[in-house]
file upload_37.csv (CSV, C-alpha atoms)
chain,number,residue,atom,x,y,z
C,1,MET,CA,131.2,-132.3,30.7
C,2,ARG,CA,130.3,-128.6,30.3
C,3,SER,CA,127.3,-127.8,28.1
C,4,PRO,CA,128.3,-126.1,24.8
C,5,PHE,CA,125.3,-123.8,25.5
C,6,SER,CA,126.5,-122.5,28.9
C,7,SER,CA,126.8,-119.0,27.6
C,8,GLU,CA,125.8,-117.0,24.6
C,9,SER,CA,129.4,-117.0,23.2
C,10,GLU,CA,129.9,-120.7,23.8
C,11,GLY,CA,126.6,-121.5,22.0
C,12,TYR,CA,127.7,-119.3,19.1
C,13,GLU,CA,131.0,-121.1,19.0
C,14,PHE,CA,129.3,-124.5,19.0
C,15,VAL,CA,127.1,-123.4,16.1
C,16,LEU,CA,130.2,-122.2,14.2
C,17,LEU,CA,132.0,-125.5,14.9
C,18,THR,CA,129.0,-127.4,13.6
C,19,VAL,CA,128.7,-125.3,10.5
C,20,ALA,CA,132.5,-125.7,9.8
C,21,ALA,CA,132.1,-129.5,10.1
C,22,PHE,CA,129.6,-129.8,7.3
C,23,PRO,CA,131.9,-128.7,4.5
C,24,ALA,CA,134.7,-131.0,5.9
C,25,ILE,CA,132.3,-134.0,5.8
C,26,ALA,CA,131.0,-133.0,2.4
C,27,LEU,CA,134.6,-132.6,1.1
C,28,ALA,CA,135.6,-136.1,2.4
C,29,SER,CA,132.5,-137.6,0.7
C,30,LEU,CA,133.3,-135.9,-2.6
C,31,LEU,CA,137.0,-136.9,-2.6
C,32,GLY,CA,136.7,-140.4,-1.1
C,33,GLY,CA,133.2,-141.5,-2.1
C,34,PRO,CA,130.0,-141.5,0.0
C,35,TRP,CA,131.4,-143.8,2.7
C,36,ALA,CA,134.4,-141.5,3.4
C,37,GLY,CA,132.0,-139.0,5.0
C,38,ILE,CA,131.2,-141.4,7.8
C,39,PRO,CA,134.7,-141.6,9.3
C,40,ALA,CA,135.2,-137.9,8.8
C,41,TRP,CA,132.0,-137.3,10.7
C,42,ALA,CA,133.1,-139.7,13.5
C,43,ILE,CA,136.5,-138.1,13.8
C,44,LEU,CA,135.1,-134.6,13.9
C,45,THR,CA,132.5,-135.6,16.5
C,46,ALA,CA,135.1,-137.3,18.7
C,47,ALA,CA,137.3,-134.2,18.4
C,48,VAL,CA,134.5,-131.9,19.6
C,49,VAL,CA,133.6,-134.3,22.5
C,50,VAL,CA,137.2,-134.3,23.6
C,51,LEU,CA,137.4,-130.5,23.3
C,52,TYR,CA,134.4,-130.0,25.5
C,53,ALA,CA,135.3,-132.6,28.0
C,54,ARG,CA,138.8,-131.0,28.5
C,55,ARG,CA,137.3,-127.6,28.7
C,56,GLY,CA,134.7,-128.7,31.3
C,57,ARG,CA,137.5,-130.1,33.5
C,58,ALA,CA,139.6,-127.0,33.3
C,59,SER,CA,136.9,-124.4,34.0
C,60,ARG,CA,136.7,-122.6,37.3
C,61,ARG,CA,133.5,-121.0,38.5
C,62,LEU,CA,133.6,-118.1,41.0
C,63,ARG,CA,132.6,-118.5,44.6
C,64,THR,CA,129.5,-116.5,45.6
C,65,ALA,CA,127.4,-115.9,48.7
C,66,PRO,CA,124.4,-113.7,49.6
C,67,PRO,CA,124.6,-111.1,52.4
C,68,ARG,CA,124.4,-112.5,55.9
C,69,ALA,CA,121.2,-112.0,57.9
C,70,ALA,CA,121.2,-109.1,60.4
C,71,ALA,CA,119.3,-111.1,63.0
C,72,ALA,CA,120.9,-111.3,66.4
C,73,GLY,CA,121.4,-114.5,68.2
C,74,GLY,CA,123.2,-117.7,67.2
C,75,PRO,CA,124.7,-118.7,63.9
C,76,ARG,CA,122.7,-119.7,60.8
C,77,ILE,CA,123.9,-123.0,59.6
C,78,LEU,CA,123.0,-124.7,56.3
C,79,VAL,CA,123.3,-128.4,56.8
C,80,LEU,CA,123.8,-130.3,53.5
C,81,ALA,CA,122.8,-133.8,54.6
C,82,LEU,CA,124.2,-136.3,52.1
C,83,ASP,CA,123.5,-139.2,54.6
C,84,ALA,CA,121.6,-139.7,57.8
C,85,LEU,CA,122.7,-137.2,60.4
C,86,ALA,CA,125.8,-138.3,62.4
C,87,ASP,CA,126.5,-137.6,66.0
C,88,ASP,CA,129.5,-135.6,64.9
C,89,ALA,CA,127.2,-133.2,63.0
C,90,LEU,CA,125.2,-132.5,66.1
C,91,GLU,CA,128.3,-131.8,68.1
C,92,ALA,CA,129.5,-129.5,65.3
C,93,ILE,CA,126.2,-127.6,65.5
C,94,HIS,CA,126.4,-127.2,69.2
C,95,ARG,CA,130.0,-126.1,69.0
C,96,ALA,CA,129.0,-123.4,66.5
C,97,GLU,CA,126.2,-122.2,68.7
C,98,ASP,CA,128.8,-120.7,71.1
C,99,GLY,CA,126.3,-119.5,73.6
C,100,GLY,CA,123.6,-118.4,71.1
C,101,ARG,CA,121.0,-120.6,69.6
C,102,ALA,CA,121.7,-121.8,66.1
C,103,VAL,CA,119.1,-121.6,63.3
C,104,VAL,CA,119.6,-124.6,61.1
C,105,LEU,CA,118.3,-125.4,57.6
C,106,VAL,CA,118.8,-129.0,56.5
C,107,VAL,CA,118.9,-129.6,52.8
C,108,ARG,CA,118.6,-133.2,51.7
C,109,PRO,CA,119.4,-133.7,48.0
C,110,ALA,CA,117.0,-136.2,46.4
C,111,PRO,CA,119.3,-138.5,44.4
C,112,VAL,CA,117.9,-140.6,41.6
C,113,SER,CA,119.6,-143.1,39.3
C,114,THR,CA,120.5,-142.0,35.8
C,115,LEU,CA,117.8,-144.2,34.3
C,116,ARG,CA,115.1,-142.7,36.6
C,117,HIS,CA,116.5,-139.2,35.9
C,118,TRP,CA,116.1,-139.6,32.2
C,119,THR,CA,112.6,-141.1,32.6
C,120,SER,CA,111.7,-138.4,35.0
C,121,ASP,CA,110.8,-141.0,37.6
C,122,VAL,CA,112.0,-139.0,40.6
C,123,ASP,CA,109.1,-139.6,43.0
C,124,GLY,CA,110.6,-142.6,44.7
C,125,GLY,CA,113.9,-140.8,45.3
C,126,ARG,CA,112.2,-137.8,46.7
C,127,ALA,CA,110.0,-139.9,49.0
C,128,ARG,CA,113.1,-141.7,50.4
C,129,ALA,CA,114.9,-138.4,50.8
C,130,GLN,CA,111.8,-137.0,52.6
C,131,GLN,CA,111.9,-139.9,55.1
C,132,GLU,CA,115.5,-139.3,55.7
C,133,LEU,CA,114.9,-135.6,56.2
C,134,ASP,CA,112.1,-136.2,58.6
C,135,ARG,CA,114.3,-138.5,60.7
C,136,THR,CA,117.1,-135.9,60.7
C,137,LEU,CA,114.8,-133.1,61.7
C,138,SER,CA,113.4,-135.2,64.6
C,139,ARG,CA,116.9,-135.9,65.8
C,140,LEU,CA,117.9,-132.2,65.7
C,141,ARG,CA,114.7,-131.1,67.4
C,142,GLU,CA,115.1,-133.7,70.1
C,143,ALA,CA,118.6,-132.3,70.7
C,144,GLY,CA,117.1,-128.8,71.1
C,145,VAL,CA,118.2,-127.4,67.7
C,146,ASP,CA,115.9,-124.9,66.0
C,147,ALA,CA,115.8,-126.7,62.6
C,148,ALA,CA,113.8,-126.7,59.4
C,149,GLY,CA,114.4,-128.8,56.3
C,150,VAL,CA,113.9,-129.0,52.6
C,151,ILE,CA,114.3,-131.5,49.9
C,152,GLY,CA,116.9,-130.2,47.4
C,153,ASP,CA,117.9,-130.8,43.8
C,154,GLU,CA,119.9,-134.0,43.2
C,155,ASP,CA,122.7,-131.8,42.1
C,156,VAL,CA,124.2,-130.7,45.5
C,157,LEU,CA,125.5,-127.4,44.2
C,158,ARG,CA,122.0,-126.5,42.9
C,159,ALA,CA,120.5,-127.7,46.1
C,160,VAL,CA,122.7,-125.4,48.2
C,161,GLU,CA,122.3,-122.5,45.8
C,162,ASP,CA,118.5,-122.8,45.9
C,163,ALA,CA,118.6,-123.0,49.7
C,164,LEU,CA,120.8,-119.9,50.0
C,165,ARG,CA,118.2,-117.9,48.1
C,166,THR,CA,116.0,-117.9,51.1
C,167,PHE,CA,118.3,-118.9,54.0
C,168,THR,CA,121.4,-116.7,54.4
C,169,ALA,CA,123.8,-119.0,56.0
C,170,ASP,CA,126.9,-118.1,58.1
C,171,GLU,CA,128.4,-121.5,57.4
C,172,ILE,CA,127.7,-124.7,55.5
C,173,LEU,CA,128.0,-128.0,57.2
C,174,VAL,CA,128.3,-130.9,54.8
C,175,CYS,CA,127.4,-134.2,56.6
C,176,GLY,CA,127.8,-137.7,55.3
C,177,GLN,CA,129.9,-140.7,55.0
C,178,ARG,CA,129.2,-140.7,51.3
C,179,ALA,CA,131.8,-137.9,51.0
C,180,GLU,CA,134.4,-140.3,52.3
C,181,ALA,CA,134.2,-142.4,49.2
C,182,ASP,CA,133.5,-139.5,46.9
C,183,PRO,CA,134.9,-136.1,48.2
C,184,ALA,CA,133.8,-134.3,45.0
C,185,PRO,CA,130.6,-132.8,46.5
C,186,VAL,CA,132.5,-131.3,49.4
C,187,ALA,CA,135.2,-129.9,47.2
C,188,ALA,CA,132.6,-128.5,44.8
C,189,VAL,CA,130.7,-126.8,47.6
C,190,ARG,CA,133.9,-125.3,48.9
C,191,GLU,CA,134.9,-124.0,45.4
C,192,ARG,CA,131.5,-122.7,44.6
C,193,PHE,CA,130.3,-120.7,47.7
C,194,ALA,CA,132.1,-117.9,49.6
C,195,VAL,CA,130.9,-119.3,52.9
C,196,PRO,CA,133.0,-121.2,55.4
C,197,VAL,CA,132.4,-124.9,54.7
C,198,THR,CA,132.9,-127.7,57.3
C,199,HIS,CA,132.8,-131.3,56.4
C,200,VAL,CA,131.6,-133.7,59.1
C,201,GLN,CA,132.2,-137.3,58.1
C,202,GLY,CA,131.1,-139.0,61.3
C,203,ARG,CA,129.3,-142.3,61.6
C,204,ALA,CA,125.9,-142.0,60.2
C,205,GLU,CA,122.9,-143.4,62.1
C,206,ALA,CA,121.8,-146.7,60.5
C,207,SER,CA,119.2,-146.0,57.8
C,208,PRO,CA,117.5,-148.8,55.9
C,209,SER,CA,116.1,-146.3,53.4
C,210,SER,CA,119.3,-144.6,52.5
C,211,VAL,CA,119.6,-144.3,48.8
C,212,LEU,CA,123.1,-143.0,48.6
K,1,MET,CA,149.6,-116.9,20.6
K,2,ARG,CA,146.1,-116.2,22.0
K,3,ARG,CA,146.0,-116.8,25.8
K,4,THR,CA,143.2,-118.9,27.1
K,5,THR,CA,141.1,-118.7,30.2
K,6,SER,CA,139.8,-121.3,32.6
K,7,LEU,CA,137.7,-118.9,34.6
K,8,ASN,CA,134.0,-119.4,34.0
K,9,PRO,CA,132.0,-116.6,35.5
K,10,GLU,CA,128.2,-117.1,35.5
K,11,PRO,CA,125.5,-114.6,36.2
K,12,TRP,CA,124.9,-113.6,39.9
K,13,PRO,CA,122.8,-116.2,41.6
K,14,TRP,CA,121.4,-113.7,44.1
K,15,PRO,CA,120.5,-110.6,42.1
K,16,ASP,CA,118.3,-108.9,44.7
K,17,HIS,CA,121.1,-107.5,46.9
K,18,PRO,CA,123.9,-105.0,46.3
K,19,ARG,CA,126.7,-107.1,44.8
K,20,ILE,CA,130.4,-106.8,45.3
K,21,LEU,CA,133.0,-108.7,43.3
K,22,VAL,CA,136.1,-109.4,45.4
K,23,GLU,CA,139.1,-110.2,43.2
K,24,ASN,CA,141.8,-111.8,45.4
K,25,PRO,CA,144.1,-114.7,44.5
K,26,ASP,CA,144.3,-115.9,48.1
K,27,ASP,CA,141.4,-118.3,49.0
K,28,ALA,CA,141.5,-117.6,52.7
K,29,ALA,CA,141.9,-113.8,52.3
K,30,GLY,CA,139.1,-113.7,49.7
K,31,LEU,CA,136.8,-115.6,52.0
K,32,GLN,CA,137.6,-113.3,54.9
K,33,LEU,CA,136.8,-110.2,52.8
K,34,ALA,CA,133.7,-111.9,51.6
K,35,THR,CA,132.5,-112.5,55.2
K,36,VAL,CA,133.2,-108.8,56.2
K,37,LEU,CA,131.2,-107.6,53.1
K,38,ARG,CA,128.4,-110.1,53.7
K,39,ASP,CA,128.1,-108.7,57.3
K,40,ALA,CA,127.8,-105.3,55.8
K,41,GLY,CA,124.8,-106.4,53.7
K,42,TYR,CA,126.4,-107.2,50.4
K,43,GLY,CA,126.1,-110.2,48.2
K,44,VAL,CA,129.6,-111.3,47.2
K,45,ALA,CA,131.5,-113.2,44.5
K,46,VAL,CA,135.1,-114.1,44.9
K,47,CYS,CA,137.3,-114.4,41.9
K,48,PRO,CA,141.0,-115.6,42.1
K,49,GLY,CA,141.9,-113.8,39.0
K,50,PRO,CA,143.7,-115.3,36.0
K,51,ALA,CA,146.5,-117.8,36.6
K,52,ALA,CA,149.9,-117.0,35.3
K,53,HIS,CA,150.0,-116.7,31.5
K,54,GLU,CA,146.2,-116.9,31.4
K,55,ARG,CA,143.8,-114.3,30.2
K,56,CYS,CA,140.9,-112.9,32.3
K,57,PRO,CA,137.6,-113.4,30.4
K,58,LEU,CA,136.9,-109.8,31.1
K,59,ALA,CA,139.8,-108.8,28.9
K,60,GLY,CA,138.7,-111.2,26.1
K,61,PRO,CA,135.7,-111.6,23.9
K,62,GLU,CA,133.8,-113.7,26.5
K,63,GLY,CA,133.4,-110.8,28.9
K,64,CYS,CA,132.6,-111.4,32.6
K,65,THR,CA,128.9,-111.4,33.6
K,66,ILE,CA,129.9,-111.3,37.3
K,67,ALA,CA,132.0,-108.1,36.9
K,68,GLN,CA,129.5,-106.4,34.6
K,69,GLY,CA,126.6,-107.2,37.0
K,70,ALA,CA,128.4,-106.1,40.1
K,71,ASP,CA,127.7,-102.8,42.0
K,72,ALA,CA,131.3,-102.5,42.9
K,73,VAL,CA,134.6,-104.3,42.7
K,74,VAL,CA,137.3,-104.8,45.3
K,75,PHE,CA,140.4,-105.4,43.4
K,76,GLY,CA,143.1,-107.2,45.3
K,77,LEU,CA,145.0,-109.0,42.6
K,78,GLY,CA,148.1,-106.7,42.9
K,79,LEU,CA,149.6,-104.7,40.1
K,80,GLU,CA,152.9,-106.4,39.8
K,81,ARG,CA,151.8,-108.8,37.0
K,82,ALA,CA,150.9,-107.7,33.5
K,83,GLU,CA,147.9,-110.1,33.6
K,84,THR,CA,146.4,-108.5,36.6
K,85,ARG,CA,147.0,-104.9,35.4
K,86,GLU,CA,145.2,-106.0,32.2
K,87,VAL,CA,142.2,-107.1,34.4
K,88,LEU,CA,142.0,-103.6,36.0
K,89,GLN,CA,142.3,-101.9,32.6
K,90,ALA,CA,139.6,-104.1,31.2
K,91,LEU,CA,137.3,-103.4,34.2
K,92,ARG,CA,137.8,-99.6,33.7
K,93,ALA,CA,137.3,-99.9,29.9
K,94,ARG,CA,134.3,-102.2,29.9
K,95,ALA,CA,132.5,-100.8,32.9
K,96,PRO,CA,133.7,-97.2,33.2
K,97,HIS,CA,131.1,-96.2,35.8
K,98,LEU,CA,131.7,-99.2,38.0
K,99,PRO,CA,133.1,-98.2,41.4
K,100,ILE,CA,136.4,-99.9,42.1
K,101,VAL,CA,138.3,-100.2,45.4
K,102,VAL,CA,141.9,-101.2,44.9
K,103,GLU,CA,143.9,-102.8,47.6
K,104,THR,CA,147.4,-101.6,46.8
K,105,THR,CA,150.6,-100.2,48.3
K,106,ARG,CA,151.9,-96.7,48.2
K,107,ALA,CA,154.7,-97.7,45.9
K,108,GLU,CA,152.3,-99.3,43.4
K,109,GLU,CA,150.2,-96.2,43.6
K,110,GLU,CA,153.1,-94.1,42.6
K,111,LEU,CA,154.1,-96.5,39.8
K,112,TRP,CA,150.6,-96.7,38.2
K,113,PRO,CA,148.9,-93.4,38.8
K,114,GLU,CA,146.9,-93.5,35.5
K,115,LEU,CA,145.6,-97.0,36.2
K,116,LEU,CA,144.4,-96.0,39.6
K,117,ARG,CA,142.9,-92.7,38.7
K,118,GLY,CA,139.3,-92.5,40.0
K,119,CYS,CA,139.6,-95.7,42.1
K,120,GLU,CA,139.2,-95.8,45.9
K,121,VAL,CA,142.6,-96.9,47.2
K,122,VAL,CA,143.0,-98.9,50.5
K,123,ARG,CA,146.1,-100.6,51.9
K,124,PRO,CA,145.9,-104.4,51.9
K,125,TRP,CA,146.9,-104.7,55.6
K,126,GLY,CA,144.2,-102.3,56.8
K,127,PRO,CA,141.3,-103.3,59.1
K,128,PRO,CA,138.2,-104.8,57.5
K,129,GLU,CA,136.1,-101.8,58.5
K,130,GLN,CA,138.4,-99.6,56.3
K,131,LEU,CA,137.5,-101.8,53.3
K,132,VAL,CA,133.8,-101.6,54.0
K,133,SER,CA,134.0,-97.8,54.4
K,134,ALA,CA,135.9,-97.6,51.1
K,135,VAL,CA,133.2,-99.7,49.4
K,136,HIS,CA,130.5,-97.4,50.9
K,137,ARG,CA,132.3,-94.3,49.7
K,138,ALA,CA,132.9,-95.7,46.2
K,139,LEU,CA,129.2,-96.6,45.9
K,140,GLU,CA,128.0,-93.2,47.2
K,141,ARG,CA,130.3,-91.4,44.8
K,142,THR,CA,128.8,-93.0,41.8
K,143,ALA,CA,125.2,-93.1,43.1
call {"tool": "encode", "arguments": {"input": "upload_37.csv", "output": "structure tokens"}}
result
Amino acid sequence: MRSPFSSESEGYEFVLLTVAAFPAIALASLLGGPWAGIPAWAILTAAVVVLYARRGRASRRLRTAPPRAAAAGGPRILVLALDALADDALEAIHRAEDGGRAVVLVVRPAPVSTLRHWTSDVDGGRARAQQELDRTLSRLREAGVDAAGVIGDEDVLRAVEDALRTFTADEILVCGQRAEADPAPVAAVRERFAVPVTHVQGRAEASPSSVL
Amino acid sequence: MRRTTSLNPEPWPWPDHPRILVENPDDAAGLQLATVLRDAGYGVAVCPGPAAHERCPLAGPEGCTIAQGADAVVFGLGLERAETREVLQALRARAPHLPIVVETTRAEEELWPELLRGCEVVRPWGPPEQLVSAVHRALERTA
């Protein structure tokens, strides 16, 4: 659901809605007694939740991208690793090299459960993501790929956006079987960034520490 | 009845580079233009424009932070629909000094001379270099 404070005008609109709800609840209480205010409050709250939920589903953000790096040589590939790296991903990187040598930045989002998110207990999730990232980087380097890696935000869009601030990618490669069950992250990356996006499903290398 | 909008422009995520807003309803064409402009050193945002019977936030009270934060706009929404002409009008009204490059045909140019006054005009089927040159020219003219 989209936050009612996503922009100044939306925040203002939410405050107006809240202010408008108070007289309605007070009126219901005056006409129907003190207990009539509670269902009025519940109905108004539900109506506002439905309004924002519908609005969140319908809204379209714009695709953006930073300028490409002027450096000569191979392509710059941002690998969004949702799982352990699959062989197909390595093949895709080698295909993209096309004679040059690719420069690769691997972003591994650090997912945490909702409970851990709310209790800010993210250290375990980050540690597991770091192990996964270390293995991915080792595989890439063994395969002769010039790669670096970072742990990203658990929100994949924010993770990619943060990475693009310092790494200007020619393309984004989304890797992971996770996307087979839930294609939303791949679709979201395609809709959000004006950079060619390739999804490599592939068979991920067995990983006992995978948290996805 | 007041027309709604589903477009949700947010501020530019990469504010340190010259920024070009590409308005194009075709996903593939928008991405292609974005790639050409990125190669030329610009940060880009691609907007598909309002859907039929929808209002562009730029023409409404919300405004558009992306358009207002851009250094130039490449307008390729076409002028055949009232909704898209309204976008161009709103761009010119809300950001009168913003350089605008309009991809349009000669016929449209003759039909809407007032709307296109002061804009750089390029043909939609021209080579990508032509578009980049038009963006450079538009930026230089307002520098």
call {"tool": "closest_residue", "arguments": {"input": "upload_37.csv", "among": "C:Gly100, C:Gly33, C:Gly144, C:Pro109", "to": "C:Ala81", "atoms": "only C-alpha atoms"}}
result
C:Pro109
call {"tool": "residues_around", "arguments": {"input": "upload_37.csv", "residues": "K:Val74", "least_positions_apart": "5", "cutoff": "12 Å", "atoms": "all atoms listed in the file", "output": "MDAnalysis selection string"}}
result
chainID K and resid 19:24 30 33:34 37 44:49 67 88 91 98:104 119:124 131:136 138:139
call {"tool": "interface_residues", "arguments": {"input": "upload_37.csv", "of": "chain K", "to": "chain C", "cutoff": "7 Å", "atoms": "only C-alpha atoms", "output": "compact mmCIF listing (two decimals) with C-alpha atoms, keeping the file's coordinate frame"}}
result
# COMPACT_ATOMS: atom_id res chain seq x y z
CA SER K 6 139.80 -121.30 32.60
CA LEU K 7 137.70 -118.90 34.60
CA ASN K 8 134.00 -119.40 34.00
CA PRO K 9 132.00 -116.60 35.50
CA TRP K 14 121.40 -113.70 44.10
CA LEU K 31 136.80 -115.60 52.00
CA ALA K 34 133.70 -111.90 51.60
CA ARG K 38 128.40 -110.10 53.70
CA ASP K 39 128.10 -108.70 57.30
CA GLY K 41 124.80 -106.40 53.70
CA TYR K 42 126.40 -107.20 50.40
CA GLY K 43 126.10 -110.20 48.20
CA VAL K 44 129.60 -111.30 47.20
CA ALA K 45 131.50 -113.20 44.50
CA VAL K 46 135.10 -114.10 44.90
CA CYS K 47 137.30 -114.40 41.90
CA GLU K 62 133.80 -113.70 26.50
call {"tool": "atom_distance", "arguments": {"input": "upload_37.csv", "atom1": "atom CA of C:Leu17", "atom2": "atom CA of C:Ala40"}}
result
14.2 Å
call {"tool": "atom_distance", "arguments": {"input": "upload_37.csv", "atom1": "atom CA of C:Thr18", "atom2": "atom CA of K:Pro11"}}
result
26.2 Å
call {"tool": "closest_residue", "arguments": {"input": "upload_37.csv", "among": "C:Leu27, C:Leu137, C:Ala89, C:Ala46", "to": "C:Leu105", "atoms": "all atoms listed in the file"}}
result
C:Leu137
call {"tool": "atom_distance", "arguments": {"input": "upload_37.csv", "atom1": "atom CA of K:Thr84", "atom2": "atom CA of K:Leu111"}}
result
14.6 Å
call {"tool": "residues_around", "arguments": {"input": "upload_37.csv", "residues": "C:Val174", "least_positions_apart": "3", "cutoff": "8 Å", "atoms": "all atoms listed in the file", "output": "list in words"}}
result
Val79, Leu80, Ala81, Leu82, Val186, Val197, Thr198, His199 and Val200 of chain C
call {"tool": "residues_near_point", "arguments": {"input": "upload_37.csv", "point": "(136.2, -100.7, 32.7)", "cutoff": "12 Å", "atoms": "all atoms listed in the file", "output": "PDB file with C-alpha atoms, keeping the file's coordinate frame"}}
result
ATOM      1  CA  LEU K  58     136.900-109.800  31.100  1.00  0.00           C
ATOM      2  CA  ALA K  59     139.800-108.800  28.900  1.00  0.00           C
ATOM      3  CA  GLY K  63     133.400-110.800  28.900  1.00  0.00           C
ATOM      4  CA  CYS K  64     132.600-111.400  32.600  1.00  0.00           C
ATOM      5  CA  ALA K  67     132.000-108.100  36.900  1.00  0.00           C
ATOM      6  CA  GLN K  68     129.500-106.400  34.600  1.00  0.00           C
ATOM      7  CA  ALA K  72     131.300-102.500  42.900  1.00  0.00           C
ATOM      8  CA  VAL K  73     134.600-104.300  42.700  1.00  0.00           C
ATOM      9  CA  ARG K  85     147.000-104.900  35.400  1.00  0.00           C
ATOM     10  CA  GLU K  86     145.200-106.000  32.200  1.00  0.00           C
ATOM     11  CA  VAL K  87     142.200-107.100  34.400  1.00  0.00           C
ATOM     12  CA  LEU K  88     142.000-103.600  36.000  1.00  0.00           C
ATOM     13  CA  GLN K  89     142.300-101.900  32.600  1.00  0.00           C
ATOM     14  CA  ALA K  90     139.600-104.100  31.200  1.00  0.00           C
ATOM     15  CA  LEU K  91     137.300-103.400  34.200  1.00  0.00           C
ATOM     16  CA  ARG K  92     137.800 -99.600  33.700  1.00  0.00           C
ATOM     17  CA  ALA K  93     137.300 -99.900  29.900  1.00  0.00           C
ATOM     18  CA  ARG K  94     134.300-102.200  29.900  1.00  0.00           C
ATOM     19  CA  ALA K  95     132.500-100.800  32.900  1.00  0.00           C
ATOM     20  CA  PRO K  96     133.700 -97.200  33.200  1.00  0.00           C
ATOM     21  CA  HIS K  97     131.100 -96.200  35.800  1.00  0.00           C
ATOM     22  CA  LEU K  98     131.700 -99.200  38.000  1.00  0.00           C
ATOM     23  CA  PRO K  99     133.100 -98.200  41.400  1.00  0.00           C
ATOM     24  CA  ILE K 100     136.400 -99.900  42.100  1.00  0.00           C
ATOM     25  CA  LEU K 115     145.600 -97.000  36.200  1.00  0.00           C
ATOM     26  CA  LEU K 116     144.400 -96.000  39.600  1.00  0.00           C
ATOM     27  CA  GLY K 118     139.300 -92.500  40.000  1.00  0.00           C
ATOM     28  CA  CYS K 119     139.600 -95.700  42.100  1.00  0.00           C
TER      29      CYS K 119
END
call {"tool": "closest_residue", "arguments": {"input": "upload_37.csv", "among": "C:Val107, C:Ala127, C:Leu157, C:Ile172", "to": "C:Ala184", "atoms": "all atoms listed in the file"}}
result
C:Leu157
call {"tool": "closest_residue", "arguments": {"input": "upload_37.csv", "among": "K:Ala51, K:Arg81, K:Gly69, K:Ala29", "to": "K:His17", "atoms": "only C-alpha atoms"}}
result
K:Gly69
call {"tool": "closest_residue", "arguments": {"input": "upload_37.csv", "among": "C:Val49, C:Ala147, C:Ala188, C:Gly32", "to": "C:Ile77", "atoms": "all atoms listed in the file"}}
result
C:Ala147
call {"tool": "closest_residue", "arguments": {"input": "upload_37.csv", "among": "K:Pro13, K:Pro25, K:Pro50, K:Pro61", "to": "K:Leu77", "atoms": "all atoms listed in the file"}}
result
K:Pro25
